[in-house]
Amino acid sequence: MSENIPFHIQEDIMKRLPAKPLLQFRSVSKAWKSLIDSSEFIATHCVRHSQQQHLLVRYDDKLGSERKCVSFVDDDTFPQQIFIPTLPPSVKLLRFPNTVGCSHGLLCLSGYYLKPEKSYSYMETEAIVIWNPSIGKSIVIDVPDVLNHREEIVLGFGVCPVTNDPKIVKFTQLISSSSARETETSRHCNVKVYTLSSRKWRSLSCMLSKSIRVEWCQVVVDRFIYWHAFSRKSLESGFKTFNMILSLNLINEDFKVVNLPNSLECQSHIELSISKQRESLVFLHYNTNNKKSGYDVWMMDHGVQRSFTKLFTIQDEAPC
């Protein structure tokens with residue numbers, strides 16, 4: 001750009017550009033680098049370029065024996081707007097990958113790597129990959145702590161809307177057991193958080209009931225990460241499961257429990273899952289009580305406790 005153009009106009013022009021050329025423009029001058037790296041510029045750019053929702057579909061190419069992805073805009077014109085991102089080596093090498101979550105255009109995956117050791121040996125270790133499909137960049141993060149046979153890890157991922165700092169949340173909890181000997185006091189839930197800016201894991205205070213178990217499925221809405229969770233309590237008639245939603249505020253890192261309406265609270269937890277419609281939290285209930293089974297879709301009303309509205313039901317197709 002010409003030096004005769006006022007800097008505020010240069011800034012407005014750059015806010016309209018996609019992310020990939022902006023990374024190259026950081027090397028033009030110190031002023032441009034400072035502007036593009038600033039949290040205010042990143043926040044404004046994200047808002048301007050996040051109007052369209054995209055779907056990312058991962059599949060295995062049987063002919064080429066290679067894992068591939070296809071992305072398209074989530075609207076009526078998606079067949080004409082297919083984008084095929086190039087998978088970075090970090091994603092291709094990830095064994096048994098799970099999708100943790102997505103936020104601000106970043107995708108978080110977890111799986112196993114064969115980590116090189118001494119004497120040409122390898123050790124399988126769990127790792128996390130944060131991938132930006134729009135620019136093809138990714139980073140690999142080691143998952144700390146070795147688990148014993150009775151423990152499992154549940155992960156969460158989101159980007160703080162104030163600092164634009166990606167965060168990974170790791171729950172270490174006991175594997176579920178139906179044994180009557182398993183009491184609330186025997187459970188534990190260790191929580192750690194990783195921020196990309198610090199490149200470090202740190203312990204996070206979590207003042208939750210020890211009976212709460214966190215499920216893998218999560219979504220990010222506004223400044224919150226939401227997980228489907230449940231607690232199992234011992235009653236005179238036996239164990240009973242109570243469903244709920246666990247939320248983490250990405251700004252102040254506070255945990256809260258969102259109670260579900262009575263019609264969902266006591267359903268089997270394996271018939272429930274969490275999702276979102278645009279920027280609203282929704283809960284899916286696989287209902288088999290009627291003659292036709294299907295998914296009931298419930299939406300939370302502006303974060304109000306126990307205030308959910310049933311939007312519609314997606315019926316299963318009749319068997320052939």
# chains A, B, ... in the order shown; residues from 1 in each chain; ligands from 1
$ select_by_dssp --residues "range 160-300 of chain A" --states "strand (DSSP E)" --output "ChimeraX atom specification"
/A:166-174,189-195,200-203,212-221,224-235,238-249,255-259,272-277,280-287,294-300
$ residues_around --residues "Val159 in chain A" --least-positions-apart "5" --cutoff "8 Å" --atoms "only C-alpha atoms" --output "JSON, numbers by chain"
{"A": [103, 104, 164, 165, 166, 167, 250]}
$ atom_distance --atom1 "CA of Met300 in chain A" --atom2 "CA of Val221 in chain A"
11.3 Å
$ residues_around --residues "range 89-96 of chain A" --least-positions-apart "3" --cutoff "10 Å" --atoms "only C-alpha atoms" --output "mmCIF file with C-alpha atoms, in the first residue's frame"
data_model
loop_
_atom_site.group_PDB
_atom_site.id
_atom_site.type_symbol
_atom_site.label_atom_id
_atom_site.label_comp_id
_atom_site.auth_asym_id
_atom_site.auth_seq_id
_atom_site.Cartn_x
_atom_site.Cartn_y
_atom_site.Cartn_z
ATOM 1 C CA GLU A 66 -5.194 -41.784 2.858
ATOM 2 C CA ARG A 67 -7.320 -39.762 5.273
ATOM 3 C CA LYS A 68 -8.871 -36.705 3.595
ATOM 4 C CA THR A 86 -4.682 -30.151 2.631
ATOM 5 C CA LEU A 109 -8.114 -33.312 17.347
ATOM 6 C CA SER A 110 -6.673 -35.901 19.722
ATOM 7 C CA GLY A 111 -5.090 -39.292 19.154
ATOM 8 C CA TYR A 112 -1.832 -41.201 19.446
ATOM 9 C CA TYR A 113 1.638 -40.627 18.026
ATOM 10 C CA LEU A 114 4.642 -42.907 17.817
ATOM 11 C CA GLU A 124 3.128 -44.414 21.747
ATOM 12 C CA GLU A 126 -1.322 -39.321 23.443
ATOM 13 C CA ALA A 127 -1.236 -35.948 21.709
ATOM 14 C CA ILE A 128 -3.483 -33.082 20.658
ATOM 15 C CA VAL A 129 -3.373 -31.252 17.324
ATOM 16 C CA ILE A 130 -4.777 -27.736 16.852
ATOM 17 C CA TRP A 131 -5.316 -27.198 13.129
ATOM 18 C CA LYS A 137 -1.089 -24.602 9.859
ATOM 19 C CA SER A 138 -1.095 -26.917 12.878
ATOM 20 C CA ILE A 139 0.683 -27.487 16.188
ATOM 21 C CA VAL A 140 1.125 -30.655 18.265
#
$ residues_around --residues "Phe230 in chain A" --least-positions-apart "6" --cutoff "10 Å" --atoms "only C-alpha atoms" --output "JSON, numbers by chain"
{"A": [211, 212, 213, 214, 215, 241, 242, 243, 244, 245, 246, 265, 266, 268, 269]}
$ write_last_selection --atoms "all heavy atoms" --output "CSV table (one decimal), in the first residue's frame"
chain,number,residue,atom,x,y,z
A,211,SER,N,-19.4,-36.8,42.3
A,211,SER,CA,-20.2,-37.8,41.6
A,211,SER,C,-20.4,-37.5,40.1
A,211,SER,O,-20.9,-38.3,39.4
A,211,SER,CB,-21.5,-38.0,42.3
A,211,SER,OG,-22.3,-36.8,42.1
A,212,ILE,N,-20.0,-36.3,39.7
A,212,ILE,CA,-20.3,-35.8,38.3
A,212,ILE,C,-19.3,-36.4,37.4
A,212,ILE,O,-18.1,-36.4,37.6
A,212,ILE,CB,-20.2,-34.3,38.2
A,212,ILE,CG1,-21.4,-33.7,39.0
A,212,ILE,CG2,-20.3,-33.8,36.8
A,212,ILE,CD1,-21.4,-32.2,39.0
A,213,ARG,N,-19.8,-37.0,36.3
A,213,ARG,CA,-18.9,-37.5,35.2
A,213,ARG,C,-19.2,-36.7,33.9
A,213,ARG,O,-20.3,-36.4,33.6
A,213,ARG,CB,-19.2,-39.0,34.9
A,213,ARG,CG,-18.7,-39.9,36.0
A,213,ARG,CD,-18.9,-41.4,35.6
A,213,ARG,NE,-18.4,-41.6,34.3
A,213,ARG,CZ,-17.1,-41.8,34.1
A,213,ARG,NH1,-16.2,-41.7,35.1
A,213,ARG,NH2,-16.6,-42.1,32.9
A,214,VAL,N,-18.1,-36.4,33.3
A,214,VAL,CA,-18.1,-35.6,32.0
A,214,VAL,C,-18.0,-36.5,30.8
A,214,VAL,O,-17.2,-37.4,30.8
A,214,VAL,CB,-17.0,-34.6,32.0
A,214,VAL,CG1,-17.1,-33.7,30.8
A,214,VAL,CG2,-17.0,-33.8,33.3
A,215,GLU,N,-18.9,-36.3,29.8
A,215,GLU,CA,-18.9,-37.1,28.6
A,215,GLU,C,-18.1,-36.4,27.6
A,215,GLU,O,-17.8,-35.2,27.6
A,215,GLU,CB,-20.4,-37.2,28.1
A,215,GLU,CG,-21.3,-38.0,29.0
A,215,GLU,CD,-21.1,-39.5,28.8
A,215,GLU,OE1,-20.1,-40.0,29.3
A,215,GLU,OE2,-22.0,-40.1,28.2
A,241,THR,N,-29.4,-42.3,37.5
A,241,THR,CA,-28.6,-41.3,36.8
A,241,THR,C,-29.4,-40.0,36.6
A,241,THR,O,-30.6,-40.0,36.3
A,241,THR,CB,-28.2,-41.9,35.4
A,241,THR,OG1,-27.4,-43.1,35.5
A,241,THR,CG2,-27.4,-40.9,34.6
A,242,PHE,N,-28.7,-38.9,36.8
A,242,PHE,CA,-29.3,-37.6,36.6
A,242,PHE,C,-28.4,-36.8,35.6
A,242,PHE,O,-27.2,-36.6,35.9
A,242,PHE,CB,-29.3,-36.8,38.0
A,242,PHE,CG,-30.2,-37.4,39.0
A,242,PHE,CD1,-29.7,-38.4,39.9
A,242,PHE,CD2,-31.6,-37.1,39.0
A,242,PHE,CE1,-30.6,-39.0,40.8
A,242,PHE,CE2,-32.4,-37.7,40.0
A,242,PHE,CZ,-31.9,-38.6,40.9
A,243,ASN,N,-29.0,-36.4,34.5
A,243,ASN,CA,-28.3,-35.7,33.4
A,243,ASN,C,-28.2,-34.2,33.7
A,243,ASN,O,-29.0,-33.6,34.4
A,243,ASN,CB,-29.0,-35.9,32.1
A,243,ASN,CG,-28.9,-37.4,31.7
A,243,ASN,OD1,-27.9,-37.9,31.4
A,243,ASN,ND2,-30.1,-38.0,31.7
A,244,MET,N,-27.1,-33.6,33.2
A,244,MET,CA,-27.0,-32.2,33.4
A,244,MET,C,-26.0,-31.7,32.3
A,244,MET,O,-25.5,-32.5,31.5
A,244,MET,CB,-26.3,-31.9,34.7
A,244,MET,CG,-24.9,-32.4,34.9
A,244,MET,SD,-24.4,-32.4,36.6
A,244,MET,CE,-25.5,-33.7,37.3
A,245,ILE,N,-25.8,-30.4,32.2
A,245,ILE,CA,-24.8,-29.8,31.4
A,245,ILE,C,-23.7,-29.1,32.2
A,245,ILE,O,-24.1,-28.3,33.1
A,245,ILE,CB,-25.5,-28.8,30.4
A,245,ILE,CG1,-26.4,-29.5,29.5
A,245,ILE,CG2,-24.4,-28.0,29.6
A,245,ILE,CD1,-27.3,-28.6,28.6
A,246,LEU,N,-22.5,-29.3,31.9
A,246,LEU,CA,-21.4,-28.6,32.6
A,246,LEU,C,-20.8,-27.6,31.7
A,246,LEU,O,-20.6,-27.8,30.5
A,246,LEU,CB,-20.3,-29.6,32.9
A,246,LEU,CG,-19.0,-29.1,33.6
A,246,LEU,CD1,-19.4,-28.5,35.0
A,246,LEU,CD2,-17.9,-30.1,33.8
A,265,GLU,N,-33.8,-34.8,32.4
A,265,GLU,CA,-32.8,-35.1,33.5
A,265,GLU,C,-32.7,-36.5,33.9
A,265,GLU,O,-31.6,-37.0,34.2
A,265,GLU,CB,-33.3,-34.3,34.7
A,265,GLU,CG,-32.3,-34.4,35.9
A,265,GLU,CD,-32.8,-33.6,37.1
A,265,GLU,OE1,-34.0,-33.7,37.4
A,265,GLU,OE2,-32.0,-32.9,37.8
A,266,CYS,N,-33.8,-37.3,33.8
A,266,CYS,CA,-33.8,-38.7,34.2
A,266,CYS,C,-33.7,-39.7,33.1
A,266,CYS,O,-33.9,-40.9,33.3
A,266,CYS,CB,-35.0,-38.9,35.1
A,266,CYS,SG,-35.0,-38.0,36.6
A,268,SER,N,-31.9,-42.0,30.1
A,268,SER,CA,-30.7,-42.7,30.0
A,268,SER,C,-29.6,-41.8,29.4
A,268,SER,O,-29.9,-41.2,28.3
A,268,SER,CB,-30.8,-44.0,29.2
A,268,SER,OG,-29.6,-44.6,29.0
A,269,HIS,N,-28.4,-41.7,30.0
A,269,HIS,CA,-27.4,-40.7,29.5
A,269,HIS,C,-26.9,-41.2,28.1
A,269,HIS,O,-26.4,-40.3,27.3
A,269,HIS,CB,-26.3,-40.6,30.5
A,269,HIS,CG,-25.4,-41.8,30.6
A,269,HIS,ND1,-24.3,-42.0,29.9
A,269,HIS,CD2,-25.5,-42.9,31.4
A,269,HIS,CE1,-23.7,-43.1,30.2
A,269,HIS,NE2,-24.5,-43.7,31.1
$ residues_around --residues "Trp201 in chain A" --least-positions-apart "3" --cutoff "7 Å" --atoms "only C-alpha atoms" --output "VMD selection string"
chain A and resid 192 to 194
$ closest_residue --among "A:Leu22, A:Ile9, A:Ile251, A:Cys206" --to "Asp222 in chain A" --atoms "only C-alpha atoms"
A:Ile251
$ residues_around --residues "Asp12 in chain A" --least-positions-apart "4" --cutoff "10 Å" --atoms "only C-alpha atoms" --output "list in words"
Phe7, His8, Arg16, Leu17, Phe41 and His45 of chain A
$ residues_around --residues "Ile168 in chain A" --least-positions-apart "4" --cutoff "8 Å" --atoms "only C-alpha atoms" --output "ChimeraX atom specification"
/A:155-158,193-195
